[in-house]
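Asker: mmCIF, C-alpha atoms, saved as final22.cif, coming up:
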```
data_model
#
loop_
_atom_site.label_atom_id
_atom_site.label_comp_id
_atom_site.auth_asym_id
_atom_site.auth_seq_id
_atom_site.Cartn_x
_atom_site.Cartn_y
_atom_site.Cartn_z
CA MET A 3 44.98 244.78 76.44
CA THR A 4 46.28 245.98 79.77
CA GLU A 5 47.49 243.61 82.42
CA ARG A 6 47.80 246.56 84.82
CA ALA A 7 44.01 246.72 85.25
CA LEU A 8 43.90 243.09 86.32
CA LEU A 9 46.96 243.41 88.57
CA ASP A 10 45.38 246.41 90.28
CA PHE A 11 42.03 244.65 90.70
CA ILE A 12 43.73 241.71 92.41
CA GLY A 13 46.06 243.89 94.46
CA ASP A 14 43.21 246.11 95.64
CA LEU A 15 41.30 243.08 96.88
CA GLU A 16 44.29 241.36 98.45
CA SER A 17 45.86 244.35 100.21
CA GLY A 18 44.03 247.54 99.39
CA GLY A 19 46.77 248.09 96.80
CA ASN A 20 49.47 248.38 99.48
CA HIS A 21 52.83 246.91 98.44
CA ASN A 22 53.85 246.93 102.14
CA ALA A 23 50.86 244.95 103.43
CA VAL A 24 51.36 241.88 105.58
CA TYR A 25 48.62 239.44 106.56
CA GLY A 26 46.60 241.01 109.33
CA ASN A 27 47.91 244.52 108.63
CA PRO A 28 46.81 245.73 105.18
CA ASP A 29 47.77 249.31 106.12
CA ALA A 30 51.38 248.47 107.06
CA GLN A 31 53.77 251.30 106.25
CA CYS A 32 57.15 249.61 106.75
CA SER A 33 58.68 249.55 103.27
CA LEU A 34 59.11 245.95 102.16
CA SER A 35 61.39 247.27 99.38
CA ARG A 36 64.21 247.53 101.88
CA TYR A 37 64.18 243.75 102.30
CA SER A 38 65.59 241.13 99.95
CA LEU A 39 63.59 238.07 98.94
CA ASN A 40 65.69 236.08 101.41
CA ASP A 41 64.74 238.53 104.17
CA ILE A 42 61.06 238.43 103.19
CA GLN A 43 61.04 234.64 103.32
CA ARG A 44 62.55 234.68 106.82
CA LEU A 45 59.98 237.27 107.90
CA GLN A 46 57.19 235.19 106.32
CA LEU A 47 58.24 232.16 108.33
CA GLU A 48 58.09 234.11 111.60
CA HIS A 49 54.88 235.93 110.68
CA GLY A 50 53.19 232.71 109.59
CA LYS A 51 53.92 231.07 112.93
CA ARG A 52 52.36 234.04 114.75
CA THR A 53 49.32 234.67 112.55
CA GLY A 54 48.63 231.50 110.57
CA SER A 55 49.47 233.17 107.24
CA SER A 56 52.73 234.17 105.60
CA ALA A 57 51.07 236.49 103.06
CA PHE A 58 53.13 239.60 102.22
CA GLY A 59 52.92 242.46 99.75
CA LYS A 60 50.32 243.89 97.40
CA TYR A 61 49.38 240.44 96.10
CA GLN A 62 49.64 238.70 99.50
CA LEU A 63 52.12 236.12 98.26
CA ILE A 64 52.58 233.28 100.70
CA ARG A 65 55.99 231.78 101.46
CA LYS A 66 55.45 228.56 99.46
CA THR A 67 54.35 230.54 96.39
CA LEU A 68 57.32 232.89 96.70
CA LEU A 69 59.71 229.94 96.90
CA GLY A 70 58.23 228.52 93.70
CA LEU A 71 58.47 231.86 91.93
CA ARG A 72 62.11 232.28 92.95
CA THR A 73 62.90 228.95 91.32
CA ARG A 74 60.76 229.53 88.22
CA LEU A 75 62.14 233.03 87.59
CA LYS A 76 65.69 232.11 88.67
CA LEU A 77 65.85 234.91 91.25
CA SER A 78 68.89 235.02 93.49
CA GLY A 79 67.14 235.88 96.72
CA ASN A 80 69.13 239.10 96.96
CA ASP A 81 66.57 240.95 94.84
CA PRO A 82 64.78 243.67 96.80
CA PHE A 83 61.04 243.09 97.31
CA THR A 84 60.10 246.24 95.39
CA PRO A 85 56.70 247.10 93.93
CA GLU A 86 58.16 246.33 90.48
CA LEU A 87 59.27 242.87 91.58
CA GLN A 88 55.93 242.21 93.24
CA ASP A 89 54.16 243.12 89.99
CA ARG A 90 56.51 240.84 88.05
CA LEU A 91 55.83 237.97 90.46
CA ALA A 92 52.05 238.44 90.25
CA LEU A 93 52.20 238.63 86.46
CA SER A 94 54.15 235.38 86.39
CA LEU A 95 51.41 233.75 88.47
CA MET A 96 48.75 235.06 86.08
CA VAL A 97 50.70 233.70 83.10
CA ALA A 98 50.99 230.31 84.81
CA ARG A 99 47.21 230.35 85.34
CA GLY A 100 46.49 230.95 81.65
CA LEU A 101 46.78 234.70 81.01
CA ARG A 102 48.30 234.30 77.54
CA LYS A 103 45.75 231.67 76.52
CA TRP A 104 42.93 233.91 77.77
CA GLN A 105 44.37 236.92 75.93
CA ALA A 106 44.53 234.85 72.73
CA GLY A 107 40.90 233.79 73.12
CA ALA A 108 41.86 230.16 73.76
CA MET A 109 40.48 230.24 77.33
CA THR A 110 37.04 231.44 78.39
CA ASP A 111 36.54 234.20 80.91
CA ASP A 112 34.98 231.72 83.35
CA ALA A 113 37.87 229.27 83.06
CA PHE A 114 40.42 232.06 83.53
CA MET A 115 38.47 233.46 86.49
CA ASP A 116 38.44 230.04 88.15
CA ALA A 117 42.16 229.58 87.50
CA LEU A 118 42.97 232.95 89.08
CA ALA A 119 40.66 232.21 92.01
CA LYS A 120 42.83 229.18 92.76
CA GLU A 121 45.80 231.55 93.07
CA TRP A 122 44.24 234.44 94.99
CA ALA A 123 41.79 233.69 97.79
CA SER A 124 40.05 237.08 97.51
CA LEU A 125 38.77 236.22 94.03
CA PRO A 126 35.46 234.38 93.68
CA TYR A 127 35.42 230.85 92.29
CA HIS A 128 32.51 229.73 90.06
CA ASN A 129 30.33 229.22 93.15
CA GLY A 130 30.87 232.86 94.17
CA ARG A 131 32.95 231.95 97.22
CA SER A 132 36.70 231.83 97.60
CA TYR A 133 38.29 228.63 96.36
CA TYR A 134 39.78 228.53 99.89
CA ASP A 135 36.53 229.34 101.69
CA GLY A 136 36.21 227.44 104.92
CA ASP A 137 39.91 227.48 105.87
CA GLY A 138 39.22 230.07 108.57
CA LEU A 139 41.41 232.71 106.92
CA ASN A 140 40.07 233.41 103.45
CA HIS A 141 36.92 234.52 101.69
CA ALA A 142 36.07 236.14 98.37
CA LEU A 143 36.08 239.94 98.44
CA ALA A 144 34.42 240.51 95.06
CA SER A 145 31.46 239.11 93.19
CA ARG A 146 31.72 237.21 89.93
CA ASP A 147 30.16 240.23 88.18
CA GLU A 148 32.84 242.56 89.60
CA PHE A 149 35.52 240.07 88.56
CA ARG A 150 34.06 239.80 85.05
CA HIS A 151 34.00 243.61 84.82
CA ALA A 152 37.71 243.67 85.74
CA LEU A 153 38.44 241.19 82.94
CA ARG A 154 36.58 243.41 80.49
CA ALA A 155 38.68 246.38 81.63
CA ALA A 156 41.82 244.30 81.15
CA ARG A 157 40.76 243.62 77.54
CA GLN A 158 40.64 247.35 76.71
CA PRO A 159 43.59 248.65 74.68
#
```
Just give me the structure of the file as structure tokens.
Answerer:
Amino acid sequence: MTERALLDFIGDLESGGNHNAVYGNPDAQCSLSRYSLNDIQRLQLEHGKRTGSSAFGKYQLIRKTLLGLRTRLKLSGNDPFTPELQDRLALSLMVARGLRKWQAGAMTDDAFMDALAKEWASLPYHNGRSYYDGDGLNHALASRDEFRHALRAARQP
């Protein structure tokens, strides 16, 4: 089973797969790797005030989520916001939403899809729309069938 397929599916929807993306600029080229988590959180605060969203990186992590991950993973804040760290953070979110239970067959595809849709606004909830649809910023960028296909790909050895 490959988690990479699922990470890439989510990252492609959230940012076009760009680790340097910021909300409103998915094609950003400024390397976020040169910034520490502390720096990113300061930038998120400023960016959020200007744009209405603090989403940064391949997985468009918002400031509140990043704060929670720092605590959960016991990160110092001095860690650079590298692609590897972004992948680790996204994987931690997937685990918190039931990845291991789903991998073990203890969670249905639909339940896991809905759990992930609560984490990433670009993923469709059971009604086919984003869980956050109607907030003026977010909408689903894939269908349930496309999402289900990504789960099948993630199950392949």
Asker: From (64.9, 231.9, 104.7), in the file's coordinates, out to 12 Å: which residues are reached, counting all atoms listed in the file? Answer as an MDAnalysis selection string.
Answerer: chainID A and resid 38:48 65:66 68:69 79:80
Asker: Applying the PyMOL selection byres ((chain A and resi 154) around 12) to the file I just gave you, which residues come out? Please list them as a PyMOL selection string.
Answerer: chain A and resi 3-5+7-8+11+104-105+111+115+147-153+155-159
Asker: Nearest to Tyr134 in chain A among A:Arg74, A:Lys60, A:Lys51, A:Lys120, with distances taken over all atoms listed in the file: which residue is it?
Answerer: A:Lys120
Asker: If you measure from CA of Asn20 in chain A to CA of Pro126 in chain A, what distance in Å do you get, rounded to one decimal?
Answerer: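 Taking CA of Asn20 in chain A as the start and CA of Pro126 in chain A as the end point, the length is 20.6 Å.
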Asker: Starting from the point (33.6, 231.8, 82.6), work out which residues of protein, DNA or RNA have an atom no more than 10 Å away when counting only C-alpha atoms; state them as number ranges by chain.
Answerer: A: 109-116, 127-128, 146, 150
Asker: Could you state which residues are captured by the PyMOL selection byres ((chain A and resi 121) around 10) in this file, as a PyMOL selection string?
Answerer: chain A and resi 63+67+92+95-96+98-99+116-120+122-125+133-134
Asker: So, with all atoms listed in the file as the atoms that count, which of A:Lys103, A:His49, A:Arg36, A:Arg72 lies closest to Thr84 in chain A?
Answerer: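 Smallest distance to Thr84 in chain A is found for A:Arg36.
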Asker: To one decimal place in Å, what is the distance between CA of Tyr61 in chain A and CA of Leu34 in chain A?
Answerer: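 Pair CA of Tyr61 in chain A / CA of Leu34 in chain A returns 12.7 Å.
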Asker: Could you check how far CA of His141 in chain A sits from CA of Leu9 in chain A, in Å to one decimal?
Answerer: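 CA of Leu9 in chain A lies 18.8 Å from CA of His141 in chain A.
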Asker: Applied to this file, what does the PyMOL selection byres ((chain A and resi 85) around 8) return in terms of residues, put as a VMD selection string?
Answerer: chain A and resid 21 35 60 83 to 84 86 to 89
Asker: Given all atoms listed in the file as the basis, pick out the residue of A:Tyr37, A:Thr53, A:Gly107, A:Ala144 nearest to Asp81 in chain A.
Answerer: A:Tyr37
Asker: With distances taken over all atoms listed in the file, which of A:Gln62, A:Ser55, A:Leu93, A:Cys32 is nearest to Arg6 in chain A?
Answerer: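 Checking each of A:Gln62, A:Ser55, A:Leu93, A:Cys32 against Arg6 in chain A, counting all atoms listed in the file, the winner is A:Leu93.
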Asker: Kindly indicate which residue among A:Thr73, A:Ser78, A:Asn22, A:Ser56 lies nearest to Leu139 in chain A, using only C-alpha atoms for the distances.
Answerer: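 So, comparing all the options, the nearest one is A:Ser56.
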Asker: Please report, as AutoDock Vina command-line options, the centre and edge lengths in Å to one decimal of an axis-aligned box covering all listed atoms of range 30-33 of chain A with 6 Å per side.
Answerer:
```
--center_x 55.0 --center_y 249.9 --center_z 105.2 --size_x 19.3 --size_y 14.8 --size_z 15.8
```
Asker: When you look at Pro28 in chain A with a cut-off of 7 Å (counting all atoms listed in the file), what residues show up, excluding the ones that are within fewer than 3 positions of it in the same chain? I need them as a count of residues only.
Answerer: 6
